[in-house]
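Engineer: Okay, so here is work_9.cif, and as you'll see once you scroll down, it has mmCIF, C-alpha atoms.
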data_coords
#
loop_
_atom_site.label_atom_id
_atom_site.label_comp_id
_atom_site.auth_asym_id
_atom_site.auth_seq_id
_atom_site.Cartn_x
_atom_site.Cartn_y
_atom_site.Cartn_z
CA MET A 561 0.00 0.00 0.00
CA LEU A 562 2.83 2.38 0.89
CA SER A 563 4.45 1.99 -2.51
CA GLN A 564 1.08 2.54 -4.24
CA LEU A 565 0.09 5.59 -2.23
CA GLY A 566 3.53 7.22 -2.36
CA ASP A 567 5.11 9.78 -0.08
CA ASP A 568 1.83 11.24 1.14
CA ALA A 569 0.93 8.10 3.04
CA LYS A 570 1.80 7.60 6.69
CA LEU A 571 1.55 4.59 8.94
CA LEU A 572 -0.48 4.89 12.13
CA ALA A 573 0.72 2.70 15.00
CA GLY A 574 -0.20 3.88 18.50
CA GLY A 575 -0.60 7.42 17.22
CA GLN A 576 0.57 9.01 20.46
CA SER A 577 3.01 11.19 18.54
CA LEU A 578 1.57 11.19 15.02
CA ILE A 579 -1.90 12.38 16.02
CA PRO A 580 -0.58 15.33 18.09
CA LEU A 581 1.71 16.19 15.15
CA MET A 582 -1.27 16.09 12.79
CA LYS A 583 -3.25 18.37 15.12
CA LEU A 584 -0.40 20.87 14.96
CA ARG A 585 -0.31 20.47 11.15
CA PHE A 586 3.33 19.41 11.41
CA ALA A 587 2.23 16.21 9.72
CA ASN A 588 -0.46 16.35 7.09
CA PRO A 589 -0.64 12.95 5.43
CA ALA A 590 -3.08 12.46 2.56
CA HIS A 591 -3.46 8.81 3.52
CA LEU A 592 -3.25 7.18 6.90
CA ILE A 593 -2.76 3.43 7.06
CA ASP A 594 -3.98 2.13 10.41
CA LEU A 595 -1.78 -0.78 11.51
CA ASN A 596 -3.92 -1.51 14.56
CA PHE A 597 -6.14 -3.89 12.64
CA ILE A 598 -3.28 -6.21 11.62
CA ALA A 599 -3.38 -9.22 13.91
CA GLY A 600 -0.24 -10.74 15.36
CA THR A 601 1.82 -7.55 15.49
CA SER A 602 1.89 -7.30 19.27
CA TYR A 603 4.01 -9.93 21.03
CA ILE A 604 7.10 -10.52 23.14
CA HIS A 605 8.99 -13.71 22.22
CA ASN A 606 11.96 -15.01 24.12
CA ALA A 607 14.17 -17.28 22.02
CA ASN A 608 17.87 -17.87 21.39
CA SER A 609 18.91 -15.45 24.16
CA ALA A 610 17.11 -12.58 22.45
CA LEU A 611 13.79 -10.85 23.00
CA ARG A 612 11.71 -10.21 19.91
CA PHE A 613 9.12 -7.47 20.17
CA GLY A 614 6.26 -7.15 17.72
CA PRO A 615 6.18 -3.63 16.28
CA LEU A 616 2.80 -2.81 17.81
CA THR A 617 3.67 -4.09 21.28
CA ARG A 618 2.38 -1.36 23.61
CA HIS A 619 4.65 0.12 26.24
CA ALA A 620 2.22 -1.09 28.92
CA GLU A 621 2.41 -4.66 27.60
CA ILE A 622 6.18 -4.59 28.06
CA GLU A 623 5.78 -2.96 31.49
CA ASN A 624 3.36 -5.69 32.59
CA SER A 625 5.10 -8.72 31.07
CA ASP A 626 7.34 -10.82 33.30
CA ILE A 627 10.32 -10.65 30.95
CA PRO A 628 11.60 -7.16 31.86
CA ALA A 629 12.24 -8.37 35.40
CA ARG A 630 15.30 -10.00 33.86
CA ILE A 631 16.29 -6.85 32.00
CA PRO A 632 15.44 -4.09 34.48
CA ILE A 633 16.45 -1.30 32.13
CA LEU A 634 13.61 -2.31 29.79
CA TYR A 635 11.15 -2.12 32.66
CA ASP A 636 12.49 1.30 33.74
CA CYS A 637 11.83 2.53 30.22
CA ALA A 638 8.45 0.92 29.55
CA ALA A 639 7.01 1.90 32.95
CA GLY A 640 8.30 5.46 32.76
CA ILE A 641 7.10 6.60 29.35
CA ALA A 642 4.59 9.45 29.66
CA ASP A 643 1.47 8.40 31.60
CA VAL A 644 -0.62 5.26 31.76
CA GLN A 645 -3.02 6.29 28.98
CA VAL A 646 -0.15 6.90 26.56
CA ARG A 647 1.62 3.69 27.58
CA ASN A 648 -1.56 1.74 26.91
CA ARG A 649 -1.61 2.94 23.32
CA GLY A 650 1.94 3.83 22.26
CA THR A 651 4.15 1.18 20.66
CA ILE A 652 7.83 0.27 20.67
CA GLY A 653 7.96 0.06 16.87
CA GLY A 654 6.27 3.43 16.48
CA SER A 655 8.64 5.06 18.96
CA LEU A 656 11.72 3.88 17.03
CA ALA A 657 10.24 4.64 13.60
CA GLU A 658 9.35 8.18 14.65
CA ALA A 659 12.87 8.81 16.03
CA ASP A 660 11.80 11.76 18.17
CA PRO A 661 14.91 13.33 19.77
CA SER A 662 13.17 12.95 23.14
CA GLY A 663 11.93 9.38 22.64
CA ASP A 664 12.81 6.97 25.45
CA TRP A 665 13.23 3.63 23.63
CA ALA A 666 16.06 4.74 21.36
CA VAL A 667 18.11 5.78 24.40
CA VAL A 668 17.61 2.57 26.31
CA LEU A 669 17.91 0.19 23.36
CA SER A 670 21.16 1.78 22.19
CA THR A 671 22.81 0.47 25.37
CA LEU A 672 21.79 -3.08 24.41
CA ALA A 673 22.49 -5.05 21.24
CA THR A 674 19.36 -4.07 19.31
CA GLN A 675 18.37 -4.76 15.75
CA VAL A 676 15.40 -3.42 13.87
CA ARG A 677 13.80 -5.59 11.22
CA CYS A 678 12.45 -3.57 8.31
CA LEU A 679 9.88 -5.04 5.94
CA GLY A 680 9.28 -3.79 2.42
CA LYS A 681 7.87 -5.19 -0.77
CA ASN A 682 11.29 -6.65 -1.64
CA GLY A 683 11.55 -8.56 1.61
CA GLU A 684 12.88 -8.05 5.08
CA ARG A 685 16.25 -6.67 6.19
CA THR A 686 17.90 -6.25 9.56
CA VAL A 687 19.41 -2.94 10.58
CA HIS A 688 21.43 -2.22 13.71
CA LEU A 689 19.73 0.39 15.86
CA LYS A 690 22.75 2.69 15.58
CA ASP A 691 22.35 2.67 11.80
CA PHE A 692 18.56 2.73 11.95
CA ILE A 693 18.24 6.11 13.64
CA GLN A 694 20.08 8.57 11.44
CA ASP A 695 18.93 11.95 12.67
CA ALA A 696 16.01 13.62 14.39
CA TYR A 697 12.81 12.14 12.90
CA THR A 698 14.95 10.35 10.28
CA THR A 699 15.48 6.61 10.07
CA ALA A 700 16.90 4.09 7.64
CA LEU A 701 13.34 3.11 6.64
CA ALA A 702 12.54 3.59 2.97
CA HIS A 703 9.15 5.20 2.41
CA ASP A 704 7.65 1.83 1.47
CA GLU A 705 9.11 -0.01 4.45
CA LEU A 706 7.88 -0.53 7.99
CA VAL A 707 9.33 -1.85 11.23
CA SER A 708 8.34 -5.51 11.47
CA GLU A 709 10.20 -6.52 14.62
CA VAL A 710 12.61 -5.21 17.27
CA VAL A 711 15.19 -7.75 18.41
CA VAL A 712 17.11 -7.17 21.65
CA ASP A 713 19.86 -9.50 22.86
CA ILE A 714 19.43 -10.46 26.50
CA PRO A 715 22.47 -9.13 28.39
CA ALA A 716 24.84 -11.70 29.88
CA LYS A 717 24.62 -12.74 33.51
CA GLY A 718 26.47 -10.33 35.77
CA SER A 719 25.24 -7.43 33.69
CA GLY A 720 22.95 -4.75 35.09
CA GLY A 721 21.35 -1.60 33.83
CA ALA A 722 19.23 1.38 34.73
CA TYR A 723 17.36 4.13 32.93
CA LEU A 724 16.59 7.40 34.67
CA ALA A 725 14.71 10.32 33.24
CA PHE A 726 14.11 13.70 34.81
CA LYS A 727 10.63 15.00 34.04
CA ARG A 728 8.53 18.00 34.99
CA ALA A 729 5.36 15.89 35.13
CA ALA A 730 4.28 12.39 34.12
CA PRO A 731 2.80 13.10 30.66
CA VAL A 732 5.67 15.15 29.23
CA TYR A 733 8.94 14.21 27.59
CA PRO A 734 11.96 14.18 29.92
CA THR A 735 14.20 17.21 30.36
CA ALA A 736 17.12 14.79 30.12
CA SER A 737 17.64 11.07 30.59
CA ALA A 738 20.44 8.55 30.95
CA ALA A 739 20.67 4.82 30.27
CA VAL A 740 23.51 2.70 31.61
CA GLN A 741 24.10 -1.01 31.04
CA LEU A 742 27.28 -2.50 32.51
CA THR A 743 28.98 -5.78 33.34
CA MET A 744 30.86 -6.10 36.61
CA ASP A 745 33.78 -8.24 37.75
CA GLY A 746 34.01 -7.70 41.49
CA ASN A 747 34.21 -3.96 41.96
CA VAL A 748 35.63 -3.42 38.49
CA CYS A 749 33.45 -2.50 35.55
CA LYS A 750 34.29 -4.91 32.73
CA ASP A 751 32.11 -3.35 30.08
CA ALA A 752 29.75 -0.41 29.89
CA ALA A 753 27.28 1.19 27.53
CA ILE A 754 26.02 4.70 28.28
CA ALA A 755 23.42 6.64 26.31
CA LEU A 756 22.00 10.11 26.88
CA GLY A 757 18.51 11.24 25.94
CA CYS A 758 16.94 14.63 25.15
CA VAL A 759 20.34 16.32 24.96
CA GLY A 760 20.88 16.05 21.20
CA LEU A 761 19.08 15.43 17.93
CA THR A 762 19.23 11.69 18.58
CA ALA A 763 20.11 9.52 21.55
CA ILE A 764 23.83 10.12 22.19
CA LYS A 765 26.14 7.18 22.82
CA ALA A 766 28.64 8.65 25.29
CA LYS A 767 31.74 6.78 24.11
CA ASP A 768 34.26 8.75 26.21
CA ALA A 769 32.13 8.21 29.29
CA GLU A 770 32.04 4.47 28.54
CA ALA A 771 35.82 4.44 28.17
CA ALA A 772 36.19 6.28 31.49
CA LEU A 773 34.18 3.50 33.17
CA ARG A 774 35.49 0.42 31.39
CA GLY A 775 38.19 -1.45 33.34
CA ARG A 776 37.93 0.90 36.33
CA PRO A 777 36.84 0.22 39.89
CA ILE A 778 33.60 1.92 40.88
CA SER A 779 34.86 4.81 42.99
CA GLU A 780 34.01 8.45 43.53
CA ARG A 781 36.89 9.35 41.22
CA THR A 782 35.66 7.10 38.42
CA LEU A 783 32.08 8.36 38.77
CA SER A 784 33.25 11.98 38.58
CA ALA A 785 35.30 11.27 35.46
CA VAL A 786 32.40 9.44 33.78
CA ALA A 787 29.91 12.17 34.66
CA GLU A 788 32.30 14.81 33.30
CA ALA A 789 32.72 12.86 30.04
CA ALA A 790 28.93 12.48 29.76
CA ARG A 791 28.46 16.23 30.23
CA ALA A 792 31.00 16.84 27.48
CA ALA A 793 29.23 14.40 25.14
CA ALA A 794 25.85 16.09 25.59
CA ASP A 795 24.79 18.60 22.98
CA PRO A 796 21.62 20.10 24.45
CA GLN A 797 19.58 23.03 23.27
CA SER A 798 17.97 25.60 25.52
CA ASP A 799 14.18 25.37 25.45
CA MET A 800 11.20 25.62 27.77
CA ARG A 801 12.38 22.52 29.64
CA GLY A 802 15.66 24.17 30.66
CA SER A 803 18.81 25.91 29.49
CA ALA A 804 21.57 24.00 27.72
CA ASP A 805 23.84 24.41 30.76
CA TYR A 806 21.17 23.11 33.08
CA LYS A 807 20.54 20.03 30.94
CA ARG A 808 24.27 19.34 30.68
CA THR A 809 24.64 19.41 34.46
CA LEU A 810 21.50 17.33 34.86
CA VAL A 811 22.57 14.59 32.46
CA GLY A 812 25.90 14.18 34.31
CA ALA A 813 24.05 13.69 37.59
CA LEU A 814 21.64 11.21 35.97
CA VAL A 815 24.52 9.15 34.55
CA ARG A 816 26.19 9.03 37.95
CA ARG A 817 22.99 7.90 39.65
CA ALA A 818 22.15 5.36 36.92
CA ILE A 819 25.62 3.78 37.26
CA THR A 820 25.17 3.31 41.01
CA ILE A 821 21.84 1.57 40.44
CA ALA A 822 23.18 -0.51 37.53
CA VAL A 823 26.09 -1.73 39.67
CA ARG A 824 23.75 -2.88 42.44
CA ARG A 825 21.54 -4.64 39.91
CA ALA A 826 24.56 -6.32 38.28
CA ARG A 827 25.29 -7.79 41.71
CA GLY A 828 21.81 -9.28 41.75
CA GLU A 829 20.17 -6.73 44.04
CA HIS A 830 16.56 -5.85 43.31
CA VAL A 831 16.44 -2.07 43.02
CA GLU A 832 13.24 -0.29 42.08
CA VAL A 833 13.65 3.11 40.53
CA SER A 834 11.24 5.60 39.19
CA HIS A 835 11.85 8.66 37.14
CA LEU A 836 12.64 11.87 38.96
CA TYR A 837 10.23 14.76 38.93
CA ALA A 838 11.04 18.42 39.20
CA MET B 334 -13.10 14.69 3.43
CA LYS B 335 -15.54 11.97 2.48
CA LYS B 336 -17.45 10.48 5.37
CA GLU B 337 -17.52 6.77 5.99
CA LEU B 338 -19.87 4.58 7.93
CA ILE B 339 -18.29 3.06 10.99
CA GLU B 340 -19.65 1.04 13.84
CA LEU B 341 -18.71 1.99 17.39
CA ARG B 342 -19.61 0.03 20.49
CA VAL B 343 -19.98 2.45 23.38
CA ASN B 344 -21.19 1.61 26.88
CA GLY B 345 -22.63 -1.69 25.71
CA ARG B 346 -24.56 -0.31 22.73
CA SER B 347 -23.68 -0.36 19.04
CA HIS B 348 -23.87 2.83 17.00
CA GLU B 349 -23.47 3.26 13.27
CA ILE B 350 -22.22 6.74 12.48
CA ALA B 351 -21.07 8.47 9.30
CA ILE B 352 -17.87 10.33 10.12
CA GLU B 353 -14.66 11.47 8.49
CA PRO B 354 -12.00 8.76 8.91
CA SER B 355 -9.73 11.38 10.49
CA LYS B 356 -12.21 12.21 13.25
CA LEU B 357 -10.92 11.89 16.78
CA LEU B 358 -12.67 9.45 19.07
CA LEU B 359 -13.37 12.32 21.49
CA ASP B 360 -15.17 14.32 18.80
CA ALA B 361 -17.16 11.31 17.62
CA LEU B 362 -18.31 10.65 21.18
CA ARG B 363 -19.22 14.27 21.89
CA GLN B 364 -20.58 15.40 18.53
CA ASP B 365 -22.02 12.29 16.94
CA LEU B 366 -23.16 10.35 19.99
CA ASP B 367 -23.92 13.31 22.31
CA LEU B 368 -21.83 11.70 25.04
CA THR B 369 -20.39 14.95 26.38
CA GLY B 370 -19.01 13.54 29.62
CA SER B 371 -15.51 13.10 28.12
CA LYS B 372 -13.86 16.50 27.96
CA ARG B 373 -11.33 18.21 25.74
CA GLY B 374 -8.85 19.76 28.15
CA CYS B 375 -5.37 20.36 26.79
CA ASP B 376 -5.78 18.66 23.40
CA ASP B 377 -2.09 17.75 23.53
CA SER B 378 -2.13 14.47 25.51
CA SER B 379 -1.17 16.05 28.84
CA CYS B 380 -4.28 16.38 30.99
CA GLY B 381 -6.30 13.16 30.83
CA ALA B 382 -9.72 14.91 30.79
CA CYS B 383 -10.66 12.95 27.66
CA THR B 384 -9.76 9.53 29.13
CA VAL B 385 -12.08 6.68 28.13
CA GLN B 386 -11.60 2.93 28.41
CA VAL B 387 -11.01 0.93 25.26
CA ASP B 388 -11.52 -2.76 25.98
CA GLY B 389 -11.17 -1.87 29.65
CA THR B 390 -7.90 0.02 29.25
CA PRO B 391 -7.71 3.78 29.81
CA MET B 392 -6.63 5.73 26.75
CA LEU B 393 -6.79 9.34 25.57
CA SER B 394 -9.79 9.76 23.27
CA CYS B 395 -8.28 13.03 21.95
CA THR B 396 -5.21 11.13 20.72
CA MET B 397 -6.83 8.34 18.78
CA LEU B 398 -9.11 8.08 15.80
CA ALA B 399 -12.67 6.85 16.17
CA ALA B 400 -12.14 4.64 13.14
CA SER B 401 -9.28 2.85 14.93
CA CYS B 402 -11.75 1.65 17.56
CA GLU B 403 -14.08 -0.40 15.37
CA GLY B 404 -14.67 -3.76 17.00
CA GLN B 405 -13.58 -2.56 20.42
CA GLU B 406 -15.69 -1.84 23.49
CA ILE B 407 -15.51 1.79 24.57
CA THR B 408 -16.59 2.87 28.02
CA THR B 409 -17.14 6.52 28.86
CA VAL B 410 -18.15 8.11 32.15
CA GLU B 411 -21.77 7.76 31.00
CA GLY B 412 -21.31 4.00 31.26
CA VAL B 413 -19.93 4.00 34.79
CA SER B 414 -23.12 4.19 36.86
CA GLU B 415 -24.47 0.95 38.23
CA HIS B 416 -28.20 0.14 37.85
CA GLY B 417 -29.01 3.80 37.29
CA SER B 418 -27.31 5.08 40.43
CA LEU B 419 -23.84 6.45 41.02
CA ALA B 420 -20.96 3.97 41.29
CA ALA B 421 -19.17 3.92 44.64
CA ILE B 422 -16.27 5.95 43.30
CA GLN B 423 -18.59 8.61 41.85
CA LYS B 424 -20.44 8.95 45.12
CA ALA B 425 -17.19 9.12 47.08
CA TYR B 426 -15.85 11.89 44.83
CA GLY B 427 -18.97 13.89 45.64
CA ASP B 428 -18.89 13.14 49.37
CA TRP B 429 -15.22 13.99 49.83
CA GLY B 430 -14.96 17.02 47.60
CA GLY B 431 -12.89 15.20 44.99
CA SER B 432 -14.72 17.15 42.34
CA GLN B 433 -15.10 20.92 42.27
CA CYS B 434 -15.64 22.44 38.84
CA GLY B 435 -15.98 18.89 37.57
CA TYR B 436 -14.25 19.31 34.24
CA CYS B 437 -11.50 16.79 34.94
CA THR B 438 -13.72 14.38 36.88
CA PRO B 439 -14.92 12.11 34.04
CA GLY B 440 -11.31 11.48 33.03
CA PHE B 441 -10.34 10.72 36.60
CA MET B 442 -13.28 8.31 36.90
CA MET B 443 -12.02 6.27 33.98
CA THR B 444 -8.42 6.22 35.21
CA VAL B 445 -9.28 5.46 38.85
CA ARG B 446 -11.77 2.73 37.97
CA HIS B 447 -9.10 0.99 35.94
CA LEU B 448 -6.60 1.33 38.79
CA LEU B 449 -9.07 -0.26 41.23
CA SER B 450 -10.07 -3.02 38.82
CA GLN B 451 -6.42 -4.01 38.42
CA ASN B 452 -5.56 -3.55 42.06
CA PRO B 453 -8.54 -3.51 44.46
CA ASN B 454 -6.37 -2.70 47.47
CA PRO B 455 -3.71 -0.22 46.34
CA THR B 456 -1.14 1.33 48.65
CA GLU B 457 -1.04 5.08 49.22
CA ALA B 458 1.87 5.37 46.79
CA GLU B 459 -0.01 3.36 44.16
CA ILE B 460 -3.09 5.58 44.47
CA ARG B 461 -1.05 8.77 44.28
CA GLY B 462 0.95 7.34 41.37
CA GLY B 463 -2.30 6.39 39.66
CA LEU B 464 -3.49 10.00 39.84
CA SER B 465 -0.35 11.30 38.11
CA SER B 466 -1.77 10.80 34.63
CA ASN B 467 -4.66 13.28 35.04
CA LEU B 468 -4.60 16.96 35.87
CA CYS B 469 -6.93 18.81 38.23
CA ARG B 470 -6.63 22.56 38.74
CA CYS B 471 -9.33 23.08 41.41
CA THR B 472 -9.30 20.78 44.40
CA GLY B 473 -5.87 19.29 44.08
CA TYR B 474 -5.40 15.65 44.75
CA SER B 475 -5.73 15.11 48.49
CA GLN B 476 -9.51 15.12 48.44
CA MET B 477 -9.44 12.67 45.56
CA TYR B 478 -7.08 10.47 47.52
CA GLN B 479 -9.52 10.52 50.45
CA ALA B 480 -12.43 9.79 48.12
CA ILE B 481 -10.66 6.80 46.60
CA LYS B 482 -9.79 5.44 50.04
CA ALA B 483 -13.44 5.88 51.08
CA ALA B 484 -14.67 4.11 47.95
CA ILE B 485 -12.33 1.19 48.63
CA ASP B 486 -13.54 1.01 52.25
CA ALA B 487 -17.17 1.15 51.12
CA GLU B 488 -16.55 -1.59 48.58
CA GLN B 489 -14.90 -3.82 51.16
CA LYS B 490 -17.63 -3.21 53.76
CA GLY B 491 -20.24 -3.97 51.13
CA MET B 492 -18.52 -7.21 50.26
CA ALA B 493 -18.21 -8.15 53.95
CA ALA B 494 -21.92 -7.41 54.50
CA SER B 495 -23.02 -9.52 51.55
CA ARG B 496 -21.01 -12.51 52.70
#
Turn this file's structure into structure tokens for me.

Structural biologist:
Amino acid sequence: MLSQLGDDAKLLAGGQSLIPLMKLRFANPAHLIDLNFIAGTSYIHNANSALRFGPLTRHAEIENSDIPARIPILYDCAAGIADVQVRNRGTIGGSLAEADPSGDWAVVLSTLATQVRCLGKNGERTVHLKDFIQDAYTTALAHDELVSEVVVDIPAKGSGGAYLAFKRAAPVYPTASAAVQLTMDGNVCKDAAIALGCVGLTAIKAKDAEAALRGRPISERTLSAVAEAARAAADPQSDMRGSADYKRTLVGALVRRAITIAVRRARGEHVEVSHLYA
Amino acid sequence: MKKELIELRVNGRSHEIAIEPSKLLLDALRQDLDLTGSKRGCDDSSCGACTVQVDGTPMLSCTMLAASCEGQEITTVEGVSEHGSLAAIQKAYGDWGGSQCGYCTPGFMMTVRHLLSQNPNPTEAEIRGGLSSNLCRCTGYSQMYQAIKAAIDAEQKGMAASR
């Protein structure tokens, strides 16, 4: 249908971003293809040490499934997106395909090995998340392709993660957010992935911050160095949610806090977190 | 835009209406079915005043299309009363001052009823967390919290009495 209708056609998944954008006339599609009537597009499968999410799996379905208990960072994300009404409708596939700079899933999933399966009339292809999201609102999807599945490798044992967002109220996008997934060996961090949200045009993989954590013992000195590197990696813009300086400071503090929680979880502790509110 | 005939099931009744496929569920409910309980508050998915239940799950009727809901059961605040009288939560909101101007109340009803159906005995934190998805600018939330507690107590007493 997409190839027949051309560029003026848009896909409607949960609609929690597209419909507001249409109200503002930022999006004005001539044709809307409602995916909600396609059966079998909402599922969570666990096979071959990977989780496979159907594109129309709602955030609330992920929040309420028993699988995220094993990957706490996924639960932090699913349970913290907007408010309950939005989580009941919004989808993981829609969130990635929209590639909003403030979207939560892209931040969290870029700390895990994530692949996006894209289906078009010539068949299906698999794209790494880092290649999938190319810029704000821009993905590797061709106009006649859609997201058919999101595949996330289950992190190894001894790995722990956390996602923290700072929000002014439940329904709004975060002011800034940080996702950390790390593997511990005693008190030393063996491997780390750190991503920052809402402080750039896409989720930012903070490579220098990861390097400052990898192979180091978890100490005040390490945390300070990592937070400093995360602040340097952020590229925020001043807007109604806060000034660029404020967001930069905030994201450093979030990274530091997320690491502390991720370390405890990597040791097998059960730590509940919720997003922070202004 | 050309209108199309769609069938909506609302509060246990089926309605065939001719609407534009781009019509929001909120507008179809208010304009085509005269169910004006659900309110347009912010119109940008922030306030929850338009909350209805779709197959028992609270969603924002201002952020979904009516045509997306064909084949699903929609419940609005008009479908909340029991046997023609107020449901326990509605009565408690009145008794405890949980409703003042009343504009946000239908949305709260739909959110709170879902919370209680999932979790009949929520903790204080769960109740307060459950209220975070709807905005009220008159009474604040403490009276609502008291009302919800009272409704839970009434429900439990009622169940104990009928045993």

Engineer: Within 10 Å of (-11.3, 3.1, 47.1), in the coordinates the file gives, what residues turn up when you count all atoms listed in the file, written out as a PDB file with C-alpha atoms, in the frame of the given file?

Structural biologist:
ATOM      1  CA  ALA B 421     -19.170   3.920  44.640  1.00  0.00           C
ATOM      2  CA  ILE B 422     -16.270   5.950  43.300  1.00  0.00           C
ATOM      3  CA  ALA B 425     -17.190   9.120  47.080  1.00  0.00           C
ATOM      4  CA  VAL B 445      -9.280   5.460  38.850  1.00  0.00           C
ATOM      5  CA  ARG B 446     -11.770   2.730  37.970  1.00  0.00           C
ATOM      6  CA  LEU B 448      -6.600   1.330  38.790  1.00  0.00           C
ATOM      7  CA  LEU B 449      -9.070  -0.260  41.230  1.00  0.00           C
ATOM      8  CA  PRO B 453      -8.540  -3.510  44.460  1.00  0.00           C
ATOM      9  CA  ASN B 454      -6.370  -2.700  47.470  1.00  0.00           C
ATOM     10  CA  PRO B 455      -3.710  -0.220  46.340  1.00  0.00           C
ATOM     11  CA  ILE B 460      -3.090   5.580  44.470  1.00  0.00           C
ATOM     12  CA  MET B 477      -9.440  12.670  45.560  1.00  0.00           C
ATOM     13  CA  TYR B 478      -7.080  10.470  47.520  1.00  0.00           C
ATOM     14  CA  GLN B 479      -9.520  10.520  50.450  1.00  0.00           C
ATOM     15  CA  ALA B 480     -12.430   9.790  48.120  1.00  0.00           C
ATOM     16  CA  ILE B 481     -10.660   6.800  46.600  1.00  0.00           C
ATOM     17  CA  LYS B 482      -9.790   5.440  50.040  1.00  0.00           C
ATOM     18  CA  ALA B 483     -13.440   5.880  51.080  1.00  0.00           C
ATOM     19  CA  ALA B 484     -14.670   4.110  47.950  1.00  0.00           C
ATOM     20  CA  ILE B 485     -12.330   1.190  48.630  1.00  0.00           C
ATOM     21  CA  ASP B 486     -13.540   1.010  52.250  1.00  0.00           C
ATOM     22  CA  ALA B 487     -17.170   1.150  51.120  1.00  0.00           C
ATOM     23  CA  GLU B 488     -16.550  -1.590  48.580  1.00  0.00           C
ATOM     24  CA  GLN B 489     -14.900  -3.820  51.160  1.00  0.00           C
TER      25      GLN B 489
END

Engineer: For the structure provided, state which residues fall under the PyMOL selection byres ((chain B and resi 377-391) around 6), and present them as a PDB file with C-alpha atoms, keeping the file's coordinate frame.

Structural biologist:
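What landed in out03.pdb:
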ATOM      1  CA  GLN A 645      -3.020   6.290  28.980  1.00  0.00           C
ATOM      2  CA  PRO A 731       2.800  13.100  30.660  1.00  0.00           C
TER       3      PRO A 731
ATOM      4  CA  SER B 371     -15.510  13.100  28.120  1.00  0.00           C
ATOM      5  CA  LYS B 372     -13.860  16.500  27.960  1.00  0.00           C
ATOM      6  CA  ARG B 373     -11.330  18.210  25.740  1.00  0.00           C
ATOM      7  CA  GLY B 374      -8.850  19.760  28.150  1.00  0.00           C
ATOM      8  CA  CYS B 375      -5.370  20.360  26.790  1.00  0.00           C
ATOM      9  CA  ASP B 376      -5.780  18.660  23.400  1.00  0.00           C
ATOM     10  CA  MET B 392      -6.630   5.730  26.750  1.00  0.00           C
ATOM     11  CA  LEU B 393      -6.790   9.340  25.570  1.00  0.00           C
ATOM     12  CA  SER B 394      -9.790   9.760  23.270  1.00  0.00           C
ATOM     13  CA  GLN B 405     -13.580  -2.560  20.420  1.00  0.00           C
ATOM     14  CA  GLU B 406     -15.690  -1.840  23.490  1.00  0.00           C
ATOM     15  CA  ILE B 407     -15.510   1.790  24.570  1.00  0.00           C
ATOM     16  CA  THR B 408     -16.590   2.870  28.020  1.00  0.00           C
ATOM     17  CA  THR B 409     -17.140   6.520  28.860  1.00  0.00           C
ATOM     18  CA  CYS B 437     -11.500  16.790  34.940  1.00  0.00           C
ATOM     19  CA  GLY B 440     -11.310  11.480  33.030  1.00  0.00           C
ATOM     20  CA  MET B 443     -12.020   6.270  33.980  1.00  0.00           C
ATOM     21  CA  THR B 444      -8.420   6.220  35.210  1.00  0.00           C
ATOM     22  CA  ASN B 467      -4.660  13.280  35.040  1.00  0.00           C
ATOM     23  CA  LEU B 468      -4.600  16.960  35.870  1.00  0.00           C
TER      24      LEU B 468
END

Engineer: Atom CA of Asn606 of chain A and atom CA of Leu706 of chain A are how many Å apart?

Structural biologist: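 Atom CA of Leu706 of chain A lies at a distance of 22.1 Å from atom CA of Asn606 of chain A.
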
Engineer: Identify which of the residues B:Glu403, B:Glu415, B:Asp428, B:Glu457 lies closest to chain A, counting all atoms listed in the file when measuring atom-to-atom distances.

Structural biologist: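 Once distances to chain A are computed over all atoms listed in the file, the minimum belongs to B:Glu403.
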
Engineer: Name the residues that the PyMOL selection byres ((chain A) within 12 of (chain B)) pulls out of this structure, and write them as a PyMOL selection string.

Structural biologist: chain A and resi 572-584+588-598+618+620-621+624+639-650+728-733+834-835+837

Engineer: Could you check the closest approach to Tyr426 of chain B for each of B:Lys336, B:His447, B:Ala458, B:Gln476 and tell me which residue wins, using only C-alpha atoms?

Structural biologist: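 Nearest to Tyr426 of chain B: B:Gln476.
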
Engineer: Name all residues at most 7 Å from Ile350 of chain B (count all atoms listed in the file; drop same-chain ones fewer than 6 positions away) and give them as a VMD selection string.

Structural biologist: chain B and resid 338 to 340

Engineer: Return as a ChimeraX atom specification the set of residues that the PyMOL selection byres ((chain A and resi 609-611) around 12) yields on the displayed structure.

Structural biologist: /A:603-608,612-614,622,627-628,630-631,634,669,672-676,709-717

Engineer: How many Å lie between atom CA of Gly720 of chain A and atom CA of Glu788 of chain A, rounded to one decimal?

Structural biologist: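 Interatomic distance, atom CA of Gly720 of chain A to atom CA of Glu788 of chain A: 21.8 Å.
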
Engineer: Need to verify the contact set: Leu810 of chain A, 12 Å, only C-alpha atoms, exclusion of same-chain residues closer than 6 positions in sequence. Can you return it as a list of chain:residue names?

Structural biologist: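 My reading of the contact set: A:Leu724, A:Ala725, A:Phe726, A:Lys727, A:Pro734, A:Thr735, A:Ala736, A:Ser737, A:Ala738, A:Leu756, A:Gly757, A:Cys758, A:Val759, A:Ala787, A:Glu788, A:Ala790, A:Arg791, A:Ala794, A:Pro796, A:Arg801, A:Gly802, A:Ser803, A:Ala804, A:Arg816, A:Arg817, A:Leu836, A:Ala838.
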
Engineer: Do you know which residues lie at most 9 Å from (31.4, -5.9, 28.6), with coordinates as in the file and only C-alpha atoms counted, and could you write them as JSON, numbers by chain?

Structural biologist: {"A": [716, 719, 742, 743, 744, 749, 750, 751, 752, 753, 774]}
